[in-house]
$ cat protein-v7.cif   # mmCIF, C-alpha atoms
data_data
#
loop_
_atom_site.label_atom_id
_atom_site.label_comp_id
_atom_site.auth_asym_id
_atom_site.auth_seq_id
_atom_site.Cartn_x
_atom_site.Cartn_y
_atom_site.Cartn_z
CA MET A 1 -36.18 5.52 -38.52
CA VAL A 2 -35.10 9.15 -38.72
CA ALA A 3 -38.14 10.21 -36.69
CA MET A 4 -37.38 7.53 -34.05
CA SER A 5 -33.76 8.65 -33.90
CA LYS A 6 -34.78 12.32 -33.52
CA ASN A 7 -37.21 11.30 -30.78
CA SER A 8 -34.53 9.29 -29.02
CA ASN A 9 -32.14 12.27 -29.12
CA LYS A 10 -34.88 14.50 -27.71
CA ASN A 11 -35.56 11.99 -24.91
CA ASP A 12 -31.85 11.82 -24.12
CA LYS A 13 -31.60 15.59 -23.87
CA GLN A 14 -34.71 15.70 -21.69
CA LEU A 15 -33.25 13.04 -19.40
CA ILE A 16 -30.04 15.01 -18.95
CA GLN A 17 -32.00 18.22 -18.41
CA SER A 18 -34.17 16.52 -15.79
CA LEU A 19 -31.05 15.60 -13.82
CA ARG A 20 -29.88 19.18 -13.40
CA SER A 21 -32.03 20.07 -10.41
CA GLN A 22 -31.25 16.73 -8.68
CA VAL A 23 -27.52 17.20 -9.22
CA ALA A 24 -27.73 20.81 -8.00
CA ARG A 25 -29.46 19.61 -4.80
CA THR A 26 -26.81 16.91 -4.28
CA GLU A 27 -24.03 19.44 -4.76
CA GLU A 28 -25.67 21.73 -2.22
CA ILE A 29 -25.65 18.92 0.35
CA ARG A 30 -22.11 17.92 -0.56
CA ASN A 31 -20.90 21.48 0.03
CA THR A 32 -22.49 21.92 3.46
CA PRO A 33 -19.91 22.36 6.24
CA ALA A 34 -21.22 19.22 7.98
CA VAL A 35 -20.68 16.95 4.96
CA ARG A 36 -17.34 18.59 4.17
CA ARG A 37 -16.26 17.84 7.75
CA VAL A 38 -17.11 14.16 7.20
CA PHE A 39 -15.01 14.00 4.03
CA GLY A 40 -12.25 15.93 5.78
CA PHE A 41 -12.16 13.56 8.74
CA LEU A 42 -12.17 10.39 6.63
CA SER A 43 -9.48 11.89 4.41
CA SER A 44 -7.33 13.01 7.36
CA ILE A 45 -7.34 9.51 8.92
CA GLY A 46 -6.26 8.02 5.59
CA LEU A 47 -9.38 6.18 4.46
CA LEU A 48 -10.61 8.44 1.68
CA ARG A 49 -8.92 10.32 -1.12
CA THR A 50 -10.50 13.61 -2.20
CA PRO A 51 -9.37 16.15 -4.80
CA GLU A 52 -10.23 19.15 -2.64
CA ASN A 53 -8.70 20.19 0.62
CA HIS A 54 -11.55 19.42 2.96
CA GLU A 55 -11.36 20.87 6.43
CA GLY A 56 -11.05 18.01 8.83
CA ARG A 57 -8.91 16.85 11.68
CA LYS A 58 -8.56 13.55 13.45
CA SER A 59 -9.79 15.25 16.62
CA THR A 60 -13.12 16.13 14.95
CA LYS A 61 -16.30 14.71 16.48
CA LEU A 62 -18.81 13.74 13.83
CA SER A 63 -22.53 13.29 14.16
CA LEU A 64 -23.59 10.09 12.47
CA ARG A 65 -26.57 12.04 11.11
CA ASP A 66 -24.07 14.06 9.05
CA VAL A 67 -22.19 10.89 8.11
CA LEU A 68 -25.45 9.45 6.74
CA LYS A 69 -26.00 12.61 4.66
CA ALA A 70 -22.45 12.34 3.33
CA GLY A 71 -22.96 8.65 2.55
CA LYS A 72 -26.06 9.41 0.51
CA VAL A 73 -24.10 11.73 -1.80
CA GLU A 74 -21.00 9.50 -1.77
CA PRO A 75 -21.54 5.81 -0.86
CA ARG A 76 -17.81 5.27 -0.40
CA VAL A 77 -18.34 6.92 2.99
CA PHE A 78 -20.33 3.78 3.97
CA GLU A 79 -17.53 1.63 2.61
CA VAL A 80 -15.01 3.00 5.11
CA LEU A 81 -17.36 3.97 7.97
CA PRO A 82 -17.13 0.65 9.88
CA ALA A 83 -13.31 0.80 9.81
CA ALA A 84 -13.35 4.47 10.86
CA MET A 85 -15.70 3.71 13.78
CA TYR A 86 -13.50 0.77 14.85
CA ALA A 87 -10.32 2.87 14.84
CA TYR A 88 -11.83 6.08 16.24
CA PRO A 89 -14.92 5.01 18.23
CA LYS A 90 -15.04 8.23 20.26
CA SER A 91 -15.17 10.37 17.15
CA PHE A 92 -18.71 9.33 16.23
CA LEU A 93 -21.77 10.70 18.04
CA HIS A 94 -25.46 9.78 17.92
CA GLN A 95 -24.96 6.12 17.03
CA GLU A 96 -28.65 5.51 17.61
CA THR A 97 -29.41 7.52 14.45
CA LEU A 98 -27.83 4.88 12.23
CA PRO A 99 -30.39 2.73 10.42
CA GLU A 100 -30.75 -0.67 12.12
CA GLU A 101 -29.57 -2.46 8.97
CA LEU A 102 -26.30 -0.51 9.02
CA GLN A 103 -25.85 -0.96 12.77
CA ILE A 104 -26.13 -4.74 12.33
CA ILE A 105 -23.56 -4.69 9.52
CA ILE A 106 -21.11 -2.59 11.55
CA LYS A 107 -21.51 -4.85 14.59
CA ALA A 108 -20.86 -7.93 12.44
CA LEU A 109 -17.78 -6.35 10.84
CA HIS A 110 -16.36 -5.35 14.23
CA ALA A 111 -16.87 -8.95 15.41
CA GLY A 112 -15.04 -10.28 12.37
CA GLU A 113 -18.07 -12.15 11.03
CA GLU A 114 -18.67 -13.21 7.45
CA ARG A 115 -21.81 -11.92 5.74
CA THR A 116 -23.03 -11.48 2.17
CA THR A 117 -25.19 -8.40 2.64
CA SER A 118 -24.74 -4.85 1.33
CA TYR A 119 -25.73 -1.29 2.13
CA GLY A 120 -26.12 1.75 -0.12
CA GLY A 121 -24.56 -0.08 -3.05
CA ILE A 122 -21.52 -1.17 -1.02
CA THR A 123 -21.00 -4.88 -0.38
CA TYR A 124 -20.07 -6.31 3.01
CA LYS A 125 -16.87 -7.62 1.40
CA GLU A 126 -15.91 -4.08 0.31
CA MET A 127 -16.47 -2.73 3.83
CA LYS A 128 -14.61 -5.67 5.42
CA ARG A 129 -11.52 -4.90 3.39
CA TRP A 130 -10.94 -1.67 5.32
CA MET A 131 -11.33 -3.40 8.68
CA HIS A 132 -7.93 -5.00 8.04
CA PHE A 133 -6.30 -1.87 6.66
CA GLN A 134 -3.55 -0.32 8.77
CA LEU A 135 -4.25 3.39 8.93
CA PRO A 136 -1.34 5.85 8.71
CA ASP A 137 -1.65 6.49 12.47
CA LYS A 138 0.10 3.38 13.77
CA ARG A 139 -1.48 3.87 17.19
CA THR A 140 -4.71 2.58 15.64
CA LYS A 141 -4.89 -1.14 15.06
CA PRO A 142 -6.92 -2.94 12.39
CA LEU A 143 -9.31 -5.77 13.25
CA GLY A 144 -7.55 -8.66 14.92
CA LYS A 145 -4.56 -6.57 15.93
CA LYS A 146 -6.15 -4.53 18.72
CA ARG A 147 -4.88 -5.51 22.14
CA ILE A 148 -7.29 -6.32 24.96
CA LEU A 149 -6.63 -5.04 28.47
CA ARG A 150 -6.16 -7.79 31.09
CA THR A 151 -5.15 -7.61 34.74
CA PHE A 152 -3.24 -10.50 36.30
CA SER A 153 -1.77 -11.10 39.72
CA LEU A 154 1.75 -12.42 39.35
CA PRO A 155 4.40 -13.44 41.90
CA PRO A 156 6.83 -10.61 42.66
CA HIS A 157 9.86 -12.44 41.19
CA THR A 158 7.94 -13.03 37.91
CA CYS A 159 7.16 -9.32 37.73
CA GLU A 160 10.83 -8.54 38.31
CA THR A 161 11.90 -10.96 35.58
CA ILE A 162 9.43 -9.49 33.08
CA SER A 163 10.61 -6.00 33.96
CA GLU A 164 14.30 -6.93 33.53
CA ILE A 165 13.76 -8.60 30.17
CA ALA A 166 11.68 -5.68 28.93
CA LYS A 167 14.36 -3.20 30.00
CA SER A 168 17.29 -5.14 28.55
CA GLU A 169 15.55 -5.73 25.19
CA GLY A 170 13.83 -2.37 24.89
CA ILE A 171 10.35 -3.86 24.55
CA SER A 172 7.19 -3.46 26.63
CA GLN A 173 6.40 -5.82 29.47
CA ALA A 174 3.29 -6.90 27.58
CA ASP A 175 5.46 -7.86 24.60
CA VAL A 176 7.65 -10.01 26.87
CA ILE A 177 4.59 -12.05 27.83
CA VAL A 178 3.26 -12.16 24.23
CA ARG A 179 6.61 -13.44 23.00
CA ALA A 180 6.91 -16.06 25.73
CA ILE A 181 3.48 -17.48 24.92
CA ALA A 182 4.18 -17.44 21.18
CA GLN A 183 7.38 -19.40 21.77
CA ASP A 184 5.58 -21.82 24.02
CA ASN A 185 2.98 -22.48 21.35
CA HIS A 186 5.45 -22.84 18.51
CA MET B 1 0.98 10.18 -1.36
CA ASP B 2 1.30 11.62 -4.87
CA ILE B 3 -0.08 8.64 -6.80
CA LYS B 4 0.99 9.83 -10.25
CA LYS B 5 4.54 10.54 -9.09
CA THR B 6 4.77 7.13 -7.40
CA LEU B 7 3.51 5.36 -10.54
CA VAL B 8 6.09 7.13 -12.69
CA VAL B 9 8.99 6.61 -10.29
CA VAL B 10 8.23 2.90 -9.94
CA ALA B 11 7.75 2.49 -13.69
CA GLN B 12 11.07 4.21 -14.34
CA ALA B 13 12.87 1.88 -11.91
CA PHE B 14 11.12 -1.10 -13.50
CA HIS B 15 12.25 0.04 -16.94
CA GLU B 16 15.86 0.14 -15.78
CA LYS B 17 15.58 -3.34 -14.29
CA MET B 18 14.00 -4.78 -17.43
CA SER B 19 16.46 -2.98 -19.67
CA ALA B 20 19.37 -4.81 -18.03
CA LEU B 21 17.52 -8.16 -17.97
CA SER B 22 16.43 -7.81 -21.56
CA ALA B 23 19.99 -7.29 -22.73
CA LEU B 24 20.99 -10.53 -20.99
CA ARG B 25 18.01 -12.41 -22.40
CA GLN B 26 18.73 -11.11 -25.87
CA GLU B 27 22.31 -12.35 -25.57
CA SER B 28 21.38 -15.78 -24.29
CA ILE B 29 18.19 -16.71 -26.17
CA GLY B 30 17.81 -13.89 -28.70
CA GLU B 31 14.58 -12.58 -27.21
CA LYS B 32 13.73 -9.24 -25.61
CA ILE B 33 11.49 -8.79 -22.60
CA PRO B 34 8.01 -7.88 -23.87
CA LEU B 35 6.20 -4.68 -22.94
CA VAL B 36 4.30 -4.66 -19.64
CA THR B 37 1.30 -2.37 -19.52
CA ALA B 38 -0.38 -1.10 -16.36
CA LYS B 39 -3.89 0.18 -17.02
CA ILE B 40 -5.19 2.44 -14.26
CA LEU B 41 -8.95 2.12 -13.81
CA GLY B 42 -11.65 3.03 -11.32
CA GLN B 43 -11.92 6.02 -9.04
CA CYS B 44 -8.17 6.62 -9.00
CA ALA B 45 -8.25 7.01 -12.79
CA LEU B 46 -10.80 9.81 -12.40
CA LEU B 47 -8.62 11.46 -9.76
CA LEU B 48 -5.62 11.27 -12.09
CA ASN B 49 -7.45 12.99 -14.95
CA ASP B 50 -7.38 16.79 -14.61
CA GLU B 51 -10.69 17.34 -16.40
CA ALA B 52 -12.56 14.64 -14.45
CA ARG B 53 -11.13 15.86 -11.15
CA GLU B 54 -12.25 19.40 -11.93
CA LYS B 55 -15.72 18.49 -13.25
CA LEU B 56 -16.68 15.64 -10.91
CA SER B 57 -14.66 16.08 -7.67
CA PRO B 58 -14.48 12.30 -7.36
CA VAL B 59 -13.93 10.72 -3.96
CA GLY B 60 -12.00 7.48 -3.75
CA THR B 61 -10.86 4.95 -1.20
CA GLN B 62 -7.14 4.31 -0.80
CA ASP B 63 -6.93 1.33 -3.13
CA ILE B 64 -5.99 1.60 -6.78
CA ASP B 65 -7.40 -0.51 -9.60
CA ILE B 66 -4.72 -1.62 -12.05
CA GLN B 67 -4.97 -4.24 -14.77
CA PHE B 68 -1.65 -5.57 -15.98
CA GLU B 69 -0.85 -6.89 -19.44
CA GLY B 70 2.31 -8.55 -20.70
CA GLY B 71 4.48 -11.52 -19.81
CA ILE B 72 5.39 -12.85 -16.38
CA GLU B 73 7.24 -9.58 -15.75
CA ARG B 74 3.87 -7.96 -15.07
CA ASP B 75 3.90 -9.66 -11.64
CA ILE B 76 7.21 -7.92 -10.91
CA LEU B 77 5.72 -4.53 -11.77
CA LYS B 78 2.69 -5.27 -9.60
CA ALA B 79 4.95 -6.23 -6.70
CA ASP B 80 7.01 -3.06 -7.22
CA PHE B 81 3.88 -0.90 -7.05
CA ILE B 82 2.81 -2.63 -3.83
CA LYS B 83 6.29 -2.25 -2.32
CA ALA B 84 6.12 1.48 -3.10
CA GLY B 85 3.00 1.73 -0.94
CA LEU B 86 0.26 1.55 -3.57
CA LEU B 87 -2.70 -0.52 -2.38
CA VAL B 88 -3.26 -2.43 -5.61
CA ASP B 89 -6.69 -4.09 -5.54
CA HIS B 90 -6.26 -7.75 -6.44
CA ASP B 91 -9.82 -7.78 -7.79
CA SER B 92 -8.87 -5.22 -10.46
CA GLN B 93 -8.52 -8.05 -12.95
CA TYR B 94 -12.31 -8.47 -12.88
CA ILE B 95 -13.11 -4.89 -13.82
CA TRP B 96 -14.89 -4.70 -17.15
CA ILE B 97 -13.23 -2.32 -19.60
CA VAL B 98 -15.53 -0.93 -22.30
CA PRO B 99 -14.46 -2.40 -25.68
CA GLY B 100 -12.59 0.24 -27.64
CA ALA B 101 -11.78 2.26 -24.51
CA THR B 102 -9.06 4.85 -24.95
CA PHE B 103 -6.28 5.54 -22.48
CA ASP B 104 -4.04 8.49 -21.68
CA THR B 105 -0.40 7.49 -21.31
CA ILE B 106 1.44 8.89 -18.31
CA PHE B 107 4.66 6.93 -18.78
CA GLU B 108 6.01 4.89 -21.66
CA THR B 109 9.27 3.19 -22.58
CA GLU B 110 10.23 0.13 -24.54
CA PHE B 111 9.48 -2.13 -21.56
CA VAL B 112 6.74 -0.46 -19.57
CA LYS B 113 3.65 1.63 -20.19
CA VAL B 114 1.40 3.20 -17.58
CA GLU B 115 -1.92 4.48 -18.87
CA VAL B 116 -5.12 5.85 -17.40
CA VAL B 117 -8.53 5.00 -18.81
CA HIS B 118 -10.35 7.98 -20.33
CA PRO B 119 -13.14 9.25 -18.04
CA LEU B 120 -15.95 8.57 -20.55
CA PHE B 121 -15.12 4.84 -20.70
CA ASN B 122 -14.42 4.66 -16.98
CA LEU B 123 -17.80 6.22 -16.18
CA THR B 124 -19.57 3.95 -18.69
CA SER B 125 -18.11 0.89 -16.97
CA LYS B 126 -19.25 2.21 -13.57
CA ALA B 127 -22.74 3.05 -14.88
CA ILE B 128 -23.21 -0.47 -16.21
CA LYS B 129 -21.46 -2.61 -13.59
CA ALA B 130 -22.05 -0.66 -10.35
CA PRO B 131 -24.92 1.77 -10.91
CA GLU B 132 -26.15 1.98 -7.30
CA LYS B 133 -22.75 2.77 -5.84
CA ASN B 134 -22.08 5.36 -8.55
CA ARG B 135 -25.55 6.87 -8.98
CA GLU B 136 -24.67 10.41 -7.89
CA LEU B 137 -21.34 10.34 -9.74
CA ILE B 138 -22.99 9.24 -12.99
CA ARG B 139 -25.78 11.82 -12.64
CA LYS B 140 -23.18 14.56 -12.31
CA ALA B 141 -21.14 13.05 -15.14
CA LEU B 142 -24.20 13.02 -17.43
CA ILE B 143 -24.58 16.76 -16.85
CA GLU B 144 -20.87 17.36 -17.52
CA TYR B 145 -20.30 14.96 -20.42
CA GLY B 146 -23.85 14.97 -21.86
CA ILE B 147 -25.06 12.94 -24.79
CA GLU B 148 -21.63 11.43 -25.46
CA LEU B 149 -21.66 9.61 -22.13
CA LEU B 150 -25.34 8.75 -22.27
CA SER B 151 -24.90 7.24 -25.74
CA LEU B 152 -21.94 5.14 -24.61
CA ILE B 153 -23.91 3.79 -21.65
CA LYS B 154 -26.87 2.89 -23.86
CA GLN B 155 -24.62 1.45 -26.57
CA HIS B 156 -23.16 -1.04 -24.08
CA GLY B 157 -26.48 -2.13 -22.62
CA GLY B 158 -26.70 0.22 -19.65
CA ASP B 159 -30.09 1.27 -18.27
CA VAL B 160 -30.02 5.05 -18.05
CA LYS B 161 -33.40 5.07 -16.24
CA LYS B 162 -31.47 3.96 -13.13
CA PHE B 163 -30.06 7.47 -12.93
CA LYS B 164 -33.33 9.38 -13.17
#

$ encode --input "protein-v7.cif" --output "structure tokens"
Amino acid sequence: MVAMSKNSNKNDKQLIQSLRSQVARTEEIRNTPAVRRVFGFLSSIGLLRTPENHEGRKSTKLSLRDVLKAGKVEPRVFEVLPAAMYAYPKSFLHQETLPEELQIIIKALHAGEERTTSYGGITYKEMKRWMHFQLPDKRTKPLGKKRILRTFSLPPHTCETISEIAKSEGISQADVIVRAIAQDNH
Amino acid sequence: MDIKKTLVVVAQAFHEKMSALSALRQESIGEKIPLVTAKILGQCALLLNDEAREKLSPVGTQDIDIQFEGGIERDILKADFIKAGLLVDHDSQYIWIVPGATFDTIFETEFVKVEVVHPLFNLTSKAIKAPEKNRELIRKALIEYGIELLSLIKQHGGDVKKFK
């Protein structure tokens, strides 16, 4: 029993020792400027919380190759990536480098579909949660709240009426129409 | 947002509310309001612990895992946290806490206690319940916390080979 216990202790120490080089490699990747930029961006837009001050601005353009590297060292990057790409689509370059499996998941999330799949240890449900999260920048809209551009031809007097209501109530002309339809459907 | 500060400020306000209510309850039915405990778990708990933050540089999403204990007043505390801007994960109730886990108290009064799970037990729970998501974190934690963490994981049925 004592021999088995000593052996077990030795195996445990060997296991921990064997992790050192792997952890050192991961830390090297984590500390590259590219990966730090990914953490910085996701932190600056309010999706991730990090203990360090990562350099990153909302105006940063990120290569999805670097996002994949960051996701491999920290899967929570994958958890918030679909929401980040929905809110800041122009910030992500080289979309073709994403694995097909992940592209399918992101497309499904952006379309509001229900799935039971997962990626990198993150469930679809976990990713979907952030699609409905209002980011600190209120100019970005979560899934289901983004407005869609439409062009209509309206009679001149209707346009005048919309304009007058908007001016008198301090709302946008679009909101005048949205409100009228909501009232009509009530 | 300073999470720790927000937790303490909300807990303090909750204490004052319960203090007044408890006095009334004591007068009318002779009973005090029981203690409500908020147990902070998950990635936020690692971020709130100075040692874990230093050793592991944990990254978290914006939600916070809190399990509440106590009477019906625990729902009031939960609502107060949410009103203060904390994104309390409603699935926190399903998080498995290692039996015998220890907690560090960050706020405590007669009516409310806010405590943060100790990193070793937090990491053990992650290693057993979500090993794939936390693989790199646990590998780093095994280097930092050594045999103590490895033993806890094995003791509670975790497969340490998953982290090789």

$ interface_residues --input "protein-v7.cif" --of "chain B" --to "chain A" --cutoff "9 Å" --atoms "all atoms listed in the file" --output "PyMOL selection string"
chain B and resi 44+47+53-54+57-62+130-137+139-140+142-143+146-147+150-151+160-161+163-164

$ atom_distance --input "protein-v7.cif" --atom1 "atom CA of Thr60 of chain A" --atom2 "atom CA of Pro82 of chain A"
16.8 Å

$ resolve_selection --input "protein-v7.cif" --expression "the PyMOL selection byres ((chain B and resi 15-28) around 10)" --output "PDB file with C-alpha atoms, in the frame of the given file"
ATOM      1  CA  VAL B   9       8.990   6.610 -10.290  1.00  0.00           C
ATOM      2  CA  VAL B  10       8.230   2.900  -9.940  1.00  0.00           C
ATOM      3  CA  ALA B  11       7.750   2.490 -13.690  1.00  0.00           C
ATOM      4  CA  GLN B  12      11.070   4.210 -14.340  1.00  0.00           C
ATOM      5  CA  ALA B  13      12.870   1.880 -11.910  1.00  0.00           C
ATOM      6  CA  PHE B  14      11.120  -1.100 -13.500  1.00  0.00           C
ATOM      7  CA  ILE B  29      18.190 -16.710 -26.170  1.00  0.00           C
ATOM      8  CA  GLY B  30      17.810 -13.890 -28.700  1.00  0.00           C
ATOM      9  CA  GLU B  31      14.580 -12.580 -27.210  1.00  0.00           C
ATOM     10  CA  LYS B  32      13.730  -9.240 -25.610  1.00  0.00           C
ATOM     11  CA  ILE B  33      11.490  -8.790 -22.600  1.00  0.00           C
ATOM     12  CA  PRO B  34       8.010  -7.880 -23.870  1.00  0.00           C
ATOM     13  CA  LEU B  35       6.200  -4.680 -22.940  1.00  0.00           C
ATOM     14  CA  VAL B  36       4.300  -4.660 -19.640  1.00  0.00           C
ATOM     15  CA  GLU B  73       7.240  -9.580 -15.750  1.00  0.00           C
ATOM     16  CA  ILE B  76       7.210  -7.920 -10.910  1.00  0.00           C
ATOM     17  CA  LEU B  77       5.720  -4.530 -11.770  1.00  0.00           C
ATOM     18  CA  GLU B 108       6.010   4.890 -21.660  1.00  0.00           C
ATOM     19  CA  THR B 109       9.270   3.190 -22.580  1.00  0.00           C
ATOM     20  CA  GLU B 110      10.230   0.130 -24.540  1.00  0.00           C
ATOM     21  CA  PHE B 111       9.480  -2.130 -21.560  1.00  0.00           C
ATOM     22  CA  VAL B 112       6.740  -0.460 -19.570  1.00  0.00           C
ATOM     23  CA  LYS B 113       3.650   1.630 -20.190  1.00  0.00           C
TER      24      LYS B 113
END

$ atom_distance --input "protein-v7.cif" --atom1 "atom CA of Gln155 of chain B" --atom2 "atom CA of Asp63 of chain B"
29.4 Å

$ atom_distance --input "protein-v7.cif" --atom1 "atom CA of Lys141 of chain A" --atom2 "atom CA of Lys78 of chain B"
26.1 Å

$ resolve_selection --input "protein-v7.cif" --expression "the PyMOL selection byres ((chain B and resi 90) around 12)" --output "mmCIF file with C-alpha atoms, in the coordinates of the input"
data_model
loop_
_atom_site.group_PDB
_atom_site.id
_atom_site.type_symbol
_atom_site.label_atom_id
_atom_site.label_comp_id
_atom_site.auth_asym_id
_atom_site.auth_seq_id
_atom_site.Cartn_x
_atom_site.Cartn_y
_atom_site.Cartn_z
ATOM 1 C CA ARG A 129 -11.520 -4.900 3.390
ATOM 2 C CA ASP B 63 -6.930 1.330 -3.130
ATOM 3 C CA ILE B 64 -5.990 1.600 -6.780
ATOM 4 C CA ASP B 65 -7.400 -0.510 -9.600
ATOM 5 C CA ILE B 66 -4.720 -1.620 -12.050
ATOM 6 C CA GLN B 67 -4.970 -4.240 -14.770
ATOM 7 C CA PHE B 68 -1.650 -5.570 -15.980
ATOM 8 C CA ASP B 75 3.900 -9.660 -11.640
ATOM 9 C CA LYS B 78 2.690 -5.270 -9.600
ATOM 10 C CA ALA B 79 4.950 -6.230 -6.700
ATOM 11 C CA ILE B 82 2.810 -2.630 -3.830
ATOM 12 C CA LEU B 86 0.260 1.550 -3.570
ATOM 13 C CA LEU B 87 -2.700 -0.520 -2.380
ATOM 14 C CA VAL B 88 -3.260 -2.430 -5.610
ATOM 15 C CA ASP B 89 -6.690 -4.090 -5.540
ATOM 16 C CA ASP B 91 -9.820 -7.780 -7.790
ATOM 17 C CA SER B 92 -8.870 -5.220 -10.460
ATOM 18 C CA GLN B 93 -8.520 -8.050 -12.950
ATOM 19 C CA TYR B 94 -12.310 -8.470 -12.880
ATOM 20 C CA ILE B 95 -13.110 -4.890 -13.820
#

$ resolve_selection --input "protein-v7.cif" --expression "the PyMOL selection byres ((chain A and resi 85) around 12)" --output "mmCIF file with C-alpha atoms, in the frame of the given file"
data_model
loop_
_atom_site.group_PDB
_atom_site.id
_atom_site.type_symbol
_atom_site.label_atom_id
_atom_site.label_comp_id
_atom_site.auth_asym_id
_atom_site.auth_seq_id
_atom_site.Cartn_x
_atom_site.Cartn_y
_atom_site.Cartn_z
ATOM 1 C CA PHE A 41 -12.160 13.560 8.740
ATOM 2 C CA LEU A 42 -12.170 10.390 6.630
ATOM 3 C CA ILE A 45 -7.340 9.510 8.920
ATOM 4 C CA LEU A 47 -9.380 6.180 4.460
ATOM 5 C CA LYS A 61 -16.300 14.710 16.480
ATOM 6 C CA LEU A 62 -18.810 13.740 13.830
ATOM 7 C CA SER A 63 -22.530 13.290 14.160
ATOM 8 C CA LEU A 64 -23.590 10.090 12.470
ATOM 9 C CA VAL A 67 -22.190 10.890 8.110
ATOM 10 C CA VAL A 77 -18.340 6.920 2.990
ATOM 11 C CA PHE A 78 -20.330 3.780 3.970
ATOM 12 C CA GLU A 79 -17.530 1.630 2.610
ATOM 13 C CA VAL A 80 -15.010 3.000 5.110
ATOM 14 C CA LEU A 81 -17.360 3.970 7.970
ATOM 15 C CA PRO A 82 -17.130 0.650 9.880
ATOM 16 C CA ALA A 83 -13.310 0.800 9.810
ATOM 17 C CA ALA A 84 -13.350 4.470 10.860
ATOM 18 C CA TYR A 86 -13.500 0.770 14.850
ATOM 19 C CA ALA A 87 -10.320 2.870 14.840
ATOM 20 C CA TYR A 88 -11.830 6.080 16.240
ATOM 21 C CA PRO A 89 -14.920 5.010 18.230
ATOM 22 C CA LYS A 90 -15.040 8.230 20.260
ATOM 23 C CA SER A 91 -15.170 10.370 17.150
ATOM 24 C CA PHE A 92 -18.710 9.330 16.230
ATOM 25 C CA LEU A 93 -21.770 10.700 18.040
ATOM 26 C CA GLN A 95 -24.960 6.120 17.030
ATOM 27 C CA GLN A 103 -25.850 -0.960 12.770
ATOM 28 C CA ILE A 106 -21.110 -2.590 11.550
ATOM 29 C CA LYS A 107 -21.510 -4.850 14.590
ATOM 30 C CA LEU A 109 -17.780 -6.350 10.840
ATOM 31 C CA HIS A 110 -16.360 -5.350 14.230
ATOM 32 C CA MET A 127 -16.470 -2.730 3.830
ATOM 33 C CA TRP A 130 -10.940 -1.670 5.320
ATOM 34 C CA MET A 131 -11.330 -3.400 8.680
ATOM 35 C CA THR A 140 -4.710 2.580 15.640
ATOM 36 C CA LYS A 141 -4.890 -1.140 15.060
ATOM 37 C CA PRO A 142 -6.920 -2.940 12.390
ATOM 38 C CA LEU A 143 -9.310 -5.770 13.250
#

$ residues_around --input "protein-v7.cif" --residues "Ile105 of chain A" --least-positions-apart "6" --cutoff "10 Å" --atoms "all atoms listed in the file" --output "PDB file with C-alpha atoms, keeping the file's coordinate frame"
ATOM      1  CA  PRO A  82     -17.130   0.650   9.880  1.00  0.00           C
ATOM      2  CA  ALA A 111     -16.870  -8.950  15.410  1.00  0.00           C
ATOM      3  CA  GLU A 113     -18.070 -12.150  11.030  1.00  0.00           C
ATOM      4  CA  ARG A 115     -21.810 -11.920   5.740  1.00  0.00           C
ATOM      5  CA  THR A 117     -25.190  -8.400   2.640  1.00  0.00           C
ATOM      6  CA  SER A 118     -24.740  -4.850   1.330  1.00  0.00           C
ATOM      7  CA  TYR A 119     -25.730  -1.290   2.130  1.00  0.00           C
ATOM      8  CA  TYR A 124     -20.070  -6.310   3.010  1.00  0.00           C
ATOM      9  CA  MET A 127     -16.470  -2.730   3.830  1.00  0.00           C
ATOM     10  CA  LYS A 128     -14.610  -5.670   5.420  1.00  0.00           C
TER      11      LYS A 128
END

$ axis_aligned_box --input "protein-v7.cif" --around "segment 136-147 of chain B" --padding-each-side "3 Å" --output "JSON"
{"center_x": -23.0, "center_y": 13.3, "center_z": -16.3, "size_x": 11.5, "size_y": 14.1, "size_z": 22.9}

$ closest_residue --input "protein-v7.cif" --among "B:Val114, B:Ala127, B:Ala141, B:Ala101" --to "Gly157 of chain B" --atoms "all atoms listed in the file"
B:Ala127

$ build_atoms --input "protein-v7.cif" --residues "segment 109-116 of chain B" --atoms "N, CA and C atoms" --output "PDB file, in the coordinates of the input"
ATOM      1  N   THR B 109       7.941   3.496 -22.046  1.00  0.00           N
ATOM      2  CA  THR B 109       9.270   3.190 -22.580  1.00  0.00           C
ATOM      3  C   THR B 109       9.135   1.904 -23.374  1.00  0.00           C
ATOM      4  N   GLU B 110      10.213   1.384 -23.776  1.00  0.00           N
ATOM      5  CA  GLU B 110      10.230   0.130 -24.540  1.00  0.00           C
ATOM      6  C   GLU B 110       9.661  -1.024 -23.725  1.00  0.00           C
ATOM      7  N   PHE B 111       9.838  -0.977 -22.392  1.00  0.00           N
ATOM      8  CA  PHE B 111       9.480  -2.130 -21.560  1.00  0.00           C
ATOM      9  C   PHE B 111       8.248  -1.927 -20.679  1.00  0.00           C
ATOM     10  N   VAL B 112       7.858  -0.686 -20.488  1.00  0.00           N
ATOM     11  CA  VAL B 112       6.740  -0.460 -19.570  1.00  0.00           C
ATOM     12  C   VAL B 112       5.895   0.731 -20.008  1.00  0.00           C
ATOM     13  N   LYS B 113       4.591   0.558 -19.853  1.00  0.00           N
ATOM     14  CA  LYS B 113       3.650   1.630 -20.190  1.00  0.00           C
ATOM     15  C   LYS B 113       2.646   1.741 -19.059  1.00  0.00           C
ATOM     16  N   VAL B 114       2.424   2.974 -18.602  1.00  0.00           N
ATOM     17  CA  VAL B 114       1.400   3.200 -17.580  1.00  0.00           C
ATOM     18  C   VAL B 114       0.360   4.115 -18.195  1.00  0.00           C
ATOM     19  N   GLU B 115      -0.884   3.664 -18.240  1.00  0.00           N
ATOM     20  CA  GLU B 115      -1.920   4.480 -18.870  1.00  0.00           C
ATOM     21  C   GLU B 115      -3.187   4.517 -18.021  1.00  0.00           C
ATOM     22  N   VAL B 116      -3.926   5.594 -18.204  1.00  0.00           N
ATOM     23  CA  VAL B 116      -5.120   5.850 -17.400  1.00  0.00           C
ATOM     24  C   VAL B 116      -6.337   5.853 -18.317  1.00  0.00           C
TER      25      VAL B 116
END
